[in-house]
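**Student:** Quick one, work-v8.cif (mmCIF, C-alpha atoms):
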```cif
data_work
loop_
_atom_site.label_atom_id
_atom_site.label_comp_id
_atom_site.auth_asym_id
_atom_site.auth_seq_id
_atom_site.Cartn_x
_atom_site.Cartn_y
_atom_site.Cartn_z
CA MET A 1 -53.05 -1.41 -52.69
CA ALA A 2 -54.87 1.27 -50.74
CA HIS A 3 -58.28 1.03 -52.40
CA GLU A 4 -60.11 -1.52 -50.32
CA TYR A 5 -63.86 -1.23 -49.95
CA GLY A 6 -64.60 -0.98 -46.27
CA THR A 7 -62.19 -0.51 -43.40
CA LEU A 8 -60.08 -2.77 -41.25
CA ASP A 9 -61.95 -1.49 -38.17
CA ALA A 10 -65.30 -2.50 -39.67
CA LEU A 11 -63.93 -5.92 -40.61
CA ARG A 12 -62.54 -6.44 -37.09
CA LYS A 13 -66.07 -5.92 -35.73
CA ARG A 14 -67.47 -8.41 -38.26
CA VAL A 15 -65.15 -11.18 -37.10
CA GLY A 16 -65.69 -10.42 -33.41
CA ALA A 17 -62.27 -8.94 -32.69
CA GLU A 18 -61.81 -6.13 -30.21
CA ALA A 19 -61.08 -2.71 -31.72
CA ALA A 20 -57.63 -2.65 -30.08
CA ASP A 21 -56.77 -6.24 -31.12
CA SER A 22 -54.36 -5.93 -34.03
CA SER A 23 -53.08 -9.53 -33.86
CA ARG A 24 -55.13 -10.57 -36.92
CA ASP A 25 -54.66 -7.40 -38.95
CA ASP A 26 -52.38 -8.95 -41.59
CA GLU A 27 -54.89 -11.72 -42.36
CA LEU A 28 -57.85 -9.33 -42.22
CA ALA A 29 -56.14 -6.81 -44.52
CA ALA A 30 -55.33 -9.57 -47.01
CA ALA A 31 -58.95 -10.78 -46.95
CA LEU A 32 -60.26 -7.23 -47.44
CA GLU A 33 -57.94 -6.61 -50.38
CA ALA A 34 -58.84 -9.95 -51.99
CA ALA A 35 -62.56 -9.27 -51.55
CA SER A 36 -62.22 -5.77 -53.04
CA ARG A 37 -60.26 -6.95 -56.07
CA GLY A 38 -62.69 -9.85 -56.53
CA ILE A 39 -65.56 -7.37 -56.71
CA ASP A 40 -63.60 -5.33 -59.27
CA ARG A 41 -63.11 -8.43 -61.44
CA ALA A 42 -66.71 -9.60 -61.08
CA THR A 43 -68.21 -6.22 -61.99
CA GLY A 44 -65.66 -5.16 -64.61
CA ARG A 45 -65.11 -1.80 -62.91
CA ARG A 46 -63.53 -0.20 -59.87
CA PHE A 47 -65.22 1.99 -57.32
CA TRP A 48 -62.54 4.49 -56.32
CA LEU A 49 -61.59 7.75 -58.00
CA ASP A 50 -58.14 8.45 -59.46
CA ASP A 51 -56.15 10.97 -57.43
CA ALA A 52 -55.10 12.85 -60.58
CA PRO A 53 -56.30 12.99 -64.21
CA VAL A 54 -55.11 10.16 -66.46
CA ALA A 55 -55.37 9.97 -70.27
CA ARG A 56 -56.95 6.95 -71.99
CA VAL A 57 -57.27 6.38 -75.72
CA TYR A 58 -60.29 4.74 -77.39
CA ARG A 59 -60.94 3.42 -80.88
CA PRO A 60 -64.55 4.30 -81.71
CA ALA A 61 -65.10 1.08 -83.71
CA GLY A 62 -67.24 -1.19 -81.56
CA ARG A 63 -67.62 1.42 -78.82
CA VAL A 64 -70.20 3.70 -80.45
CA VAL A 65 -73.95 3.33 -79.98
CA CYS A 66 -76.24 5.23 -82.38
CA GLU A 67 -78.72 7.25 -80.33
CA PRO A 68 -81.49 9.54 -81.60
CA ASP A 69 -79.47 12.56 -80.38
CA GLY A 70 -76.14 11.46 -81.90
CA ASP A 71 -73.41 8.87 -81.49
CA LEU A 72 -72.62 7.74 -77.96
CA LEU A 73 -68.99 6.74 -77.35
CA LEU A 74 -68.85 4.29 -74.46
CA VAL A 75 -65.96 5.04 -72.11
CA ASP A 76 -64.73 3.72 -68.78
CA ASP A 77 -66.33 5.16 -65.65
CA VAL A 78 -65.67 8.90 -65.28
CA GLY A 79 -66.08 9.99 -61.67
CA ASN A 80 -65.14 13.68 -61.85
CA ILE A 81 -65.29 16.27 -64.62
CA ASP A 82 -63.34 19.09 -62.98
CA VAL A 83 -60.70 18.12 -65.53
CA LEU A 84 -62.22 16.55 -68.63
CA THR A 85 -60.43 16.96 -71.93
CA VAL A 86 -61.59 15.15 -75.06
CA GLU A 87 -59.46 15.07 -78.22
CA MET A 88 -59.54 13.25 -81.54
CA GLY A 89 -56.53 12.23 -83.61
CA ARG A 90 -53.64 9.80 -83.47
CA GLY A 91 -49.94 9.72 -82.73
CA SER A 92 -48.79 13.19 -81.76
CA THR A 93 -51.59 15.07 -83.58
CA TRP A 94 -54.68 15.67 -81.45
CA THR A 95 -57.53 18.16 -81.90
CA ALA A 96 -59.74 19.28 -79.02
CA VAL A 97 -63.40 18.25 -79.15
CA THR A 98 -65.90 20.41 -77.29
CA ASP A 99 -69.23 19.59 -78.96
CA TYR A 100 -70.17 16.58 -76.84
CA GLU A 101 -72.40 15.87 -73.85
CA THR A 102 -71.73 13.50 -70.97
CA GLN A 103 -74.11 10.60 -70.43
CA PRO A 104 -76.15 9.52 -68.60
CA ASP A 105 -77.69 12.86 -67.70
CA ASN A 106 -77.15 13.86 -64.05
CA ALA A 107 -74.92 10.82 -63.40
CA LEU A 108 -72.49 12.58 -61.07
CA ALA A 109 -75.30 14.36 -59.22
CA ASP A 110 -76.84 10.93 -58.62
CA GLY A 111 -73.54 9.52 -57.30
CA LYS A 112 -72.93 7.44 -60.43
CA PRO A 113 -70.20 7.69 -63.07
CA ILE A 114 -70.40 9.09 -66.57
CA THR A 115 -70.14 6.18 -68.99
CA GLY A 116 -70.53 7.81 -72.40
CA LEU A 117 -69.82 10.88 -74.51
CA LEU A 118 -72.62 11.88 -76.89
CA ARG A 119 -71.73 13.78 -80.05
CA MET A 120 -74.15 14.91 -82.76
CA GLY A 121 -71.58 14.82 -85.59
CA GLY A 122 -70.35 11.30 -84.77
CA TRP A 123 -66.89 10.16 -83.73
CA GLY A 124 -65.47 9.16 -87.11
CA ASN A 125 -62.51 6.80 -87.46
CA ALA A 126 -59.89 8.75 -85.51
CA ARG A 127 -58.96 7.68 -82.02
CA VAL A 128 -60.42 9.55 -79.06
CA ARG A 129 -58.21 10.54 -76.14
CA VAL A 130 -59.92 11.40 -72.86
CA LEU A 131 -58.11 13.00 -69.92
CA THR A 132 -60.02 12.86 -66.65
CA ARG A 133 -60.23 11.28 -63.20
CA TRP A 134 -61.51 7.75 -63.75
CA GLY A 135 -63.60 5.71 -61.34
CA TRP A 136 -66.69 6.35 -59.27
CA PRO A 137 -67.42 9.69 -57.57
CA ALA A 138 -67.84 7.85 -54.25
CA GLU A 139 -67.79 4.25 -53.10
CA PRO A 140 -71.36 2.86 -53.16
CA GLY A 141 -72.61 1.53 -49.83
CA ASP A 142 -73.65 -1.77 -51.43
CA ILE A 143 -70.07 -2.33 -52.62
CA THR A 144 -68.70 -1.62 -49.14
CA GLU A 145 -71.16 -4.07 -47.59
CA ALA A 146 -70.43 -6.76 -50.20
CA SER A 147 -66.71 -6.38 -49.62
CA LEU A 148 -67.05 -6.72 -45.86
CA ILE A 149 -69.25 -9.81 -46.18
CA GLN A 150 -66.84 -11.41 -48.64
CA ALA A 151 -63.76 -10.45 -46.60
CA THR A 152 -65.33 -12.02 -43.51
CA ARG A 153 -66.01 -15.16 -45.51
CA LEU A 154 -62.43 -15.24 -46.86
CA TYR A 155 -60.97 -14.69 -43.40
CA LYS A 156 -63.04 -17.54 -41.92
CA ARG A 157 -62.09 -19.80 -44.84
CA LYS A 158 -58.92 -20.72 -42.94
CA ASP A 159 -61.21 -22.81 -40.70
CA SER A 160 -62.55 -24.76 -43.71
CA PRO A 161 -59.58 -25.41 -46.02
CA GLU A 162 -61.41 -28.13 -47.97
CA GLY A 163 -64.51 -26.00 -48.52
CA ILE A 164 -66.46 -27.90 -45.89
CA ILE A 165 -67.80 -26.24 -42.79
CA GLY A 166 -69.48 -27.82 -39.83
CA SER A 167 -71.48 -26.82 -36.81
CA ALA A 168 -73.31 -28.66 -34.06
CA GLU A 169 -76.55 -27.05 -35.12
CA TRP A 170 -76.43 -27.62 -38.90
CA GLY A 171 -73.99 -30.48 -39.29
CA VAL A 172 -71.39 -30.67 -42.07
CA ARG A 173 -72.00 -28.88 -45.40
CA ASN A 174 -70.10 -27.61 -48.43
CA LEU A 175 -69.57 -23.90 -48.85
CA SER A 176 -71.40 -22.44 -51.83
CA ARG A 177 -69.35 -21.13 -54.74
CA ARG A 178 -70.81 -17.63 -54.45
CA ASP A 179 -72.26 -15.89 -51.47
CA PRO A 180 -75.83 -14.99 -52.53
CA ASP A 181 -75.86 -11.79 -50.46
CA VAL A 182 -72.61 -10.56 -52.01
CA TRP A 183 -73.92 -11.38 -55.48
CA ASN A 184 -77.23 -9.55 -54.86
CA LEU A 185 -75.34 -6.47 -53.69
CA ILE A 186 -72.91 -6.29 -56.63
CA GLU A 187 -75.19 -7.48 -59.44
CA PRO A 188 -76.63 -4.02 -60.28
CA PHE A 189 -73.06 -2.72 -60.79
CA ILE A 190 -71.91 -5.42 -63.23
CA LEU A 191 -70.99 -4.15 -66.67
CA PRO A 192 -72.56 -6.14 -69.53
CA GLY A 193 -70.23 -8.96 -70.52
CA PHE A 194 -68.86 -9.48 -66.99
CA GLY A 195 -69.98 -11.66 -64.09
#
```
What would you get if you wrote out this structure as C-alpha coordinates?
**Tutor:**
Amino acid sequence: MAHEYGTLDALRKRVGAEAADSSRDDELAAALEAASRGIDRATGRRFWLDDAPVARVYRPAGRVVCEPDGDLLLVDDVGNIDVLTVEMGRGSTWTAVTDYETQPDNALADGKPITGLLRMGGWGNARVRVLTRWGWPAEPGDITEASLIQATRLYKRKDSPEGIIGSAEWGVRNLSRRDPDVWNLIEPFILPGFG
(Lines of atoms letter the chains of each structure in order from A and count residues from 1; the text may use other names and numbers.)
(Lines give C-alpha, C1' and ligand atoms only; values in the text may rest on other atoms or scores of the structure.)
Protein backbone atom coordinates (compact mmCIF):
# COMPACT_ATOMS: atom_id res chain seq x y z
CA MET A 1 0.00 0.00 0.00
CA ALA A 2 1.37 3.42 -0.87
CA HIS A 3 -0.28 5.46 1.88
CA GLU A 4 2.22 5.34 4.70
CA TYR A 5 2.45 8.28 7.06
CA GLY A 6 6.00 9.52 6.93
CA THR A 7 8.77 8.54 4.57
CA LEU A 8 11.35 5.80 4.43
CA ASP A 9 14.10 8.47 4.44
CA ALA A 10 12.75 9.96 7.68
CA LEU A 11 12.52 6.51 9.26
CA ARG A 12 16.10 5.68 8.21
CA LYS A 13 17.27 8.76 10.14
CA ARG A 14 15.23 7.71 13.19
CA VAL A 15 16.95 4.32 13.39
CA GLY A 16 20.41 5.77 12.77
CA ALA A 17 20.90 4.43 9.25
CA GLU A 18 22.80 6.38 6.63
CA ALA A 19 20.67 7.96 3.90
CA ALA A 20 22.34 5.77 1.24
CA ASP A 21 22.02 2.55 3.32
CA SER A 22 19.16 0.60 1.78
CA SER A 23 20.04 -2.74 3.42
CA ARG A 24 17.20 -2.43 5.95
CA ASP A 25 14.60 -0.90 3.64
CA ASP A 26 12.35 -3.98 3.48
CA GLU A 27 12.08 -4.18 7.27
CA LEU A 28 11.71 -0.41 7.64
CA ALA A 29 9.00 -0.26 4.95
CA ALA A 30 7.10 -3.09 6.65
CA ALA A 31 7.33 -1.31 10.01
CA LEU A 32 6.14 1.98 8.48
CA GLU A 33 3.18 0.31 6.80
CA ALA A 34 2.22 -1.55 9.98
CA ALA A 35 2.45 1.64 12.04
CA SER A 36 0.33 3.56 9.52
CA ARG A 37 -2.39 0.90 9.36
CA GLY A 38 -2.33 0.61 13.16
CA ILE A 39 -3.03 4.33 13.42
CA ASP A 40 -5.90 3.93 10.94
CA ARG A 41 -7.42 1.15 13.06
CA ALA A 42 -6.91 2.99 16.36
CA THR A 43 -8.49 6.23 15.12
CA GLY A 44 -11.21 4.74 12.92
CA ARG A 45 -10.18 6.88 9.96
CA ARG A 46 -7.47 7.29 7.35
CA PHE A 47 -5.42 10.37 6.66
CA TRP A 48 -4.87 10.29 2.90
CA LEU A 49 -7.13 11.58 0.14
CA ASP A 50 -8.63 9.37 -2.57
CA ASP A 51 -7.08 9.96 -6.00
CA ALA A 52 -10.52 10.02 -7.66
CA PRO A 53 -14.13 10.44 -6.48
CA VAL A 54 -15.77 7.33 -5.02
CA ALA A 55 -19.48 6.83 -4.23
CA ARG A 56 -20.61 5.65 -0.78
CA VAL A 57 -24.17 4.94 0.31
CA TYR A 58 -25.55 5.75 3.78
CA ARG A 59 -28.73 4.80 5.60
CA PRO A 60 -29.79 7.86 7.60
CA ALA A 61 -31.14 5.78 10.51
CA GLY A 62 -28.63 6.08 13.34
CA ARG A 63 -26.45 8.54 11.41
CA VAL A 64 -28.54 11.70 11.80
CA VAL A 65 -28.08 14.20 14.61
CA CYS A 66 -30.84 16.79 15.16
CA GLU A 67 -29.26 20.25 15.22
CA PRO A 68 -31.01 23.61 15.68
CA ASP A 69 -30.35 24.39 11.98
CA GLY A 70 -31.57 21.03 10.64
CA ASP A 71 -30.61 17.37 10.52
CA LEU A 72 -26.92 16.55 10.32
CA LEU A 73 -26.06 13.36 8.42
CA LEU A 74 -22.75 12.01 9.70
CA VAL A 75 -20.53 10.79 6.86
CA ASP A 76 -16.99 9.50 6.52
CA ASP A 77 -14.22 12.09 6.23
CA VAL A 78 -14.57 14.22 3.08
CA GLY A 79 -11.24 15.79 2.14
CA ASN A 80 -12.11 17.60 -1.09
CA ILE A 81 -15.33 19.07 -2.48
CA ASP A 82 -14.23 19.83 -6.04
CA VAL A 83 -16.49 16.90 -6.87
CA LEU A 84 -19.26 16.46 -4.31
CA THR A 85 -22.54 14.97 -5.44
CA VAL A 86 -25.29 14.11 -2.96
CA GLU A 87 -28.33 12.06 -3.99
CA MET A 88 -31.25 10.39 -2.24
CA GLY A 89 -33.02 7.23 -3.35
CA ARG A 90 -32.36 3.52 -3.67
CA GLY A 91 -31.55 0.93 -6.27
CA SER A 92 -31.24 2.61 -9.65
CA THR A 93 -33.44 5.63 -8.80
CA TRP A 94 -31.53 8.57 -7.35
CA THR A 95 -32.50 12.24 -7.06
CA ALA A 96 -29.93 15.01 -6.67
CA VAL A 97 -29.93 16.92 -3.38
CA THR A 98 -28.57 20.46 -3.39
CA ASP A 99 -30.11 22.04 -0.29
CA TYR A 100 -27.47 20.98 2.23
CA GLU A 101 -24.44 22.54 3.91
CA THR A 102 -21.15 20.86 4.76
CA GLN A 103 -20.11 20.68 8.40
CA PRO A 104 -18.14 21.67 10.35
CA ASP A 105 -17.93 25.19 8.96
CA ASN A 106 -14.54 26.01 7.41
CA ALA A 107 -13.27 22.45 7.93
CA LEU A 108 -11.27 22.24 4.70
CA ALA A 109 -9.85 25.74 5.17
CA ASP A 110 -8.63 24.60 8.59
CA GLY A 111 -7.01 21.46 7.12
CA LYS A 112 -9.67 19.15 8.56
CA PRO A 113 -12.25 16.98 6.81
CA ILE A 114 -15.96 17.55 6.39
CA THR A 115 -17.77 15.03 8.58
CA GLY A 116 -21.44 15.92 8.12
CA LEU A 117 -24.08 17.19 5.72
CA LEU A 118 -26.67 19.53 7.26
CA ARG A 119 -30.11 19.72 5.69
CA MET A 120 -33.04 21.83 6.92
CA GLY A 121 -35.74 19.51 5.54
CA GLY A 122 -34.24 16.35 7.07
CA TRP A 123 -32.94 13.24 5.34
CA GLY A 124 -36.04 11.05 5.48
CA ASN A 125 -35.87 7.26 5.13
CA ALA A 126 -34.28 7.00 1.69
CA ARG A 127 -30.63 6.12 1.36
CA VAL A 128 -28.12 8.87 0.69
CA ARG A 129 -25.40 8.39 -1.92
CA VAL A 130 -22.37 10.68 -1.75
CA LEU A 131 -19.77 10.91 -4.50
CA THR A 132 -16.56 12.67 -3.48
CA ARG A 133 -12.89 12.24 -2.66
CA TRP A 134 -12.77 10.68 0.80
CA GLY A 135 -10.05 11.14 3.40
CA TRP A 136 -8.20 14.11 4.84
CA PRO A 137 -7.19 17.15 2.77
CA ALA A 138 -3.59 16.68 3.96
CA GLU A 139 -1.76 14.36 6.32
CA PRO A 140 -1.63 15.98 9.79
CA GLY A 141 1.87 16.46 11.19
CA ASP A 142 0.92 14.72 14.45
CA ILE A 143 -0.07 11.60 12.50
CA THR A 144 3.23 11.61 10.61
CA GLU A 145 5.18 11.92 13.86
CA ALA A 146 3.15 9.19 15.58
CA SER A 147 3.71 6.87 12.64
CA LEU A 148 7.46 7.43 12.65
CA ILE A 149 7.70 6.85 16.41
CA GLN A 150 5.64 3.67 16.16
CA ALA A 151 7.52 2.42 13.09
CA THR A 152 10.82 2.94 14.91
CA ARG A 153 9.44 0.99 17.84
CA LEU A 154 8.21 -1.83 15.59
CA TYR A 155 11.52 -2.00 13.74
CA LYS A 156 13.48 -2.24 17.01
CA ARG A 157 11.07 -4.88 18.31
CA LYS A 158 13.17 -7.51 16.52
CA ASP A 159 15.72 -6.96 19.31
CA SER A 160 13.12 -7.76 21.99
CA PRO A 161 11.03 -10.67 20.68
CA GLU A 162 9.61 -11.51 24.12
CA GLY A 163 8.60 -7.91 24.84
CA ILE A 164 11.51 -7.42 27.22
CA ILE A 165 14.21 -4.87 26.58
CA GLY A 166 17.39 -4.31 28.51
CA SER A 167 20.12 -1.74 28.81
CA ALA A 168 23.13 -1.28 31.04
CA GLU A 169 21.72 1.99 32.29
CA TRP A 170 18.12 0.96 33.09
CA GLY A 171 18.33 -2.80 33.46
CA VAL A 172 15.70 -5.21 32.13
CA ARG A 173 12.08 -4.04 31.70
CA ASN A 174 8.89 -4.99 29.86
CA LEU A 175 7.78 -2.90 26.93
CA SER A 176 4.54 -1.03 27.53
CA ARG A 177 1.47 -2.04 25.54
CA ARG A 178 1.06 1.44 24.06
CA ASP A 179 3.62 4.11 23.46
CA PRO A 180 2.33 7.12 25.45
CA ASP A 181 3.75 9.62 22.95
CA VAL A 182 2.06 7.90 20.01
CA TRP A 183 -1.21 7.77 21.93
CA ASN A 184 -1.02 11.48 22.86
CA LEU A 185 -0.42 12.40 19.23
CA ILE A 186 -3.30 10.35 17.77
CA GLU A 187 -5.88 10.76 20.55
CA PRO A 188 -7.39 14.02 19.22
CA PHE A 189 -8.07 12.27 15.87
CA ILE A 190 -9.93 9.25 17.28
CA LEU A 191 -13.53 8.95 16.18
CA PRO A 192 -15.98 8.30 19.03
CA GLY A 193 -16.37 4.56 19.53
CA PHE A 194 -12.77 3.75 18.50
CA GLY A 195 -9.53 3.49 20.45
**Student:** How many Å separate atom CA of A:Leu84 from atom CA of A:Arg127?
**Tutor:**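 Between these atoms lies a distance of 16.4 Å.
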**Student:** Run the PyMOL selection byres ((chain A and resi 5) around 7) on the file and write out the hits as a VMD selection string.
**Tutor:** chain A and resid 3 to 4 6 to 7 36 143 to 144 147
**Student:** Got a sec to resolve the PyMOL selection byres ((chain A and resi 148) around 12) on this structure and send the residues as an MDAnalysis selection string?
**Tutor:** chainID A and resid 4:15 28:29 31:36 38:39 141:147 149:155 179 181:182 185
**Student:** Pull out every residue that the PyMOL selection byres ((chain A and resi 69) around 12) matches in the shown coordinates and put them as a ChimeraX atom specification.
**Tutor:** /A:65-68,70-72,100-101,103,117-122
**Student:** Can you list, as a list of chain:residue names, every protein, DNA or RNA residue that comes within 6 Å of A:Arg129 when you count all atoms listed in the file, leaving out same-chain residues fewer than 6 positions away?
**Tutor:**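 In the requested format, the answer is A:Arg56, A:Val57, A:Val86, A:Glu87.
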**Student:** Print the selection's residues with C-alpha atoms to a file, as a PDB file, in the frame of the given file.
**Tutor:**
```
ATOM      1  CA  ARG A  56     -56.950   6.950 -71.990  1.00  0.00           C
ATOM      2  CA  VAL A  57     -57.270   6.380 -75.720  1.00  0.00           C
ATOM      3  CA  VAL A  86     -61.590  15.150 -75.060  1.00  0.00           C
ATOM      4  CA  GLU A  87     -59.460  15.070 -78.220  1.00  0.00           C
TER       5      GLU A  87
END
```
**Student:** Can you measure atom CA of A:Ile114 to atom CA of A:Arg90 for me? One decimal in Å is fine.
**Tutor:** 23.8 Å
**Student:** Find the axis-aligned box for stretch 91-101 of chain A, covering all its listed atoms and adding 5 Å on each side, and write its centre and edge lengths in Å to one decimal as lines of an AutoDock Vina configuration file.
**Tutor:**
```
center_x = -60.6
center_y = 15.1
center_z = -78.7
size_x = 33.6
size_y = 20.7
size_z = 19.7
```
**Student:** Nearest residue to A:Arg63 out of A:Asn125, A:Thr43, A:Thr132, A:Asn184, using all atoms listed in the file?
**Tutor:**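 Among the listed residues, the smallest separation from A:Arg63 belongs to A:Asn125.
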**Student:** Between atom CA of A:Ile81 and atom CA of A:Leu108, measure the distance and give it in Å to one decimal.
**Tutor:** 8.8 Å
**Student:** Return the single residue from A:Val128, A:Gly79, A:Asp105, A:Trp134 that is closest to A:Gly91, with distances computed using all atoms listed in the file.
**Tutor:**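 Under the stated criterion, the closest residue is A:Val128.
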**Student:** Find, counting only C-alpha atoms, the residue in A:Asp26, A:Asp51, A:Asp76, A:Asp21 that gets nearest to A:Val130.
**Tutor:**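 Between A:Asp26, A:Asp51, A:Asp76, A:Asp21, the residue approaching A:Val130 most closely is A:Asp76.
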**Student:** Which of these, A:Ala55, A:Leu191, A:Ala109, A:Leu131, has the shortest distance to A:Thr85 once you count only C-alpha atoms?
**Tutor:**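 Ranking A:Ala55, A:Leu191, A:Ala109, A:Leu131 by distance to A:Thr85, first place goes to A:Leu131.
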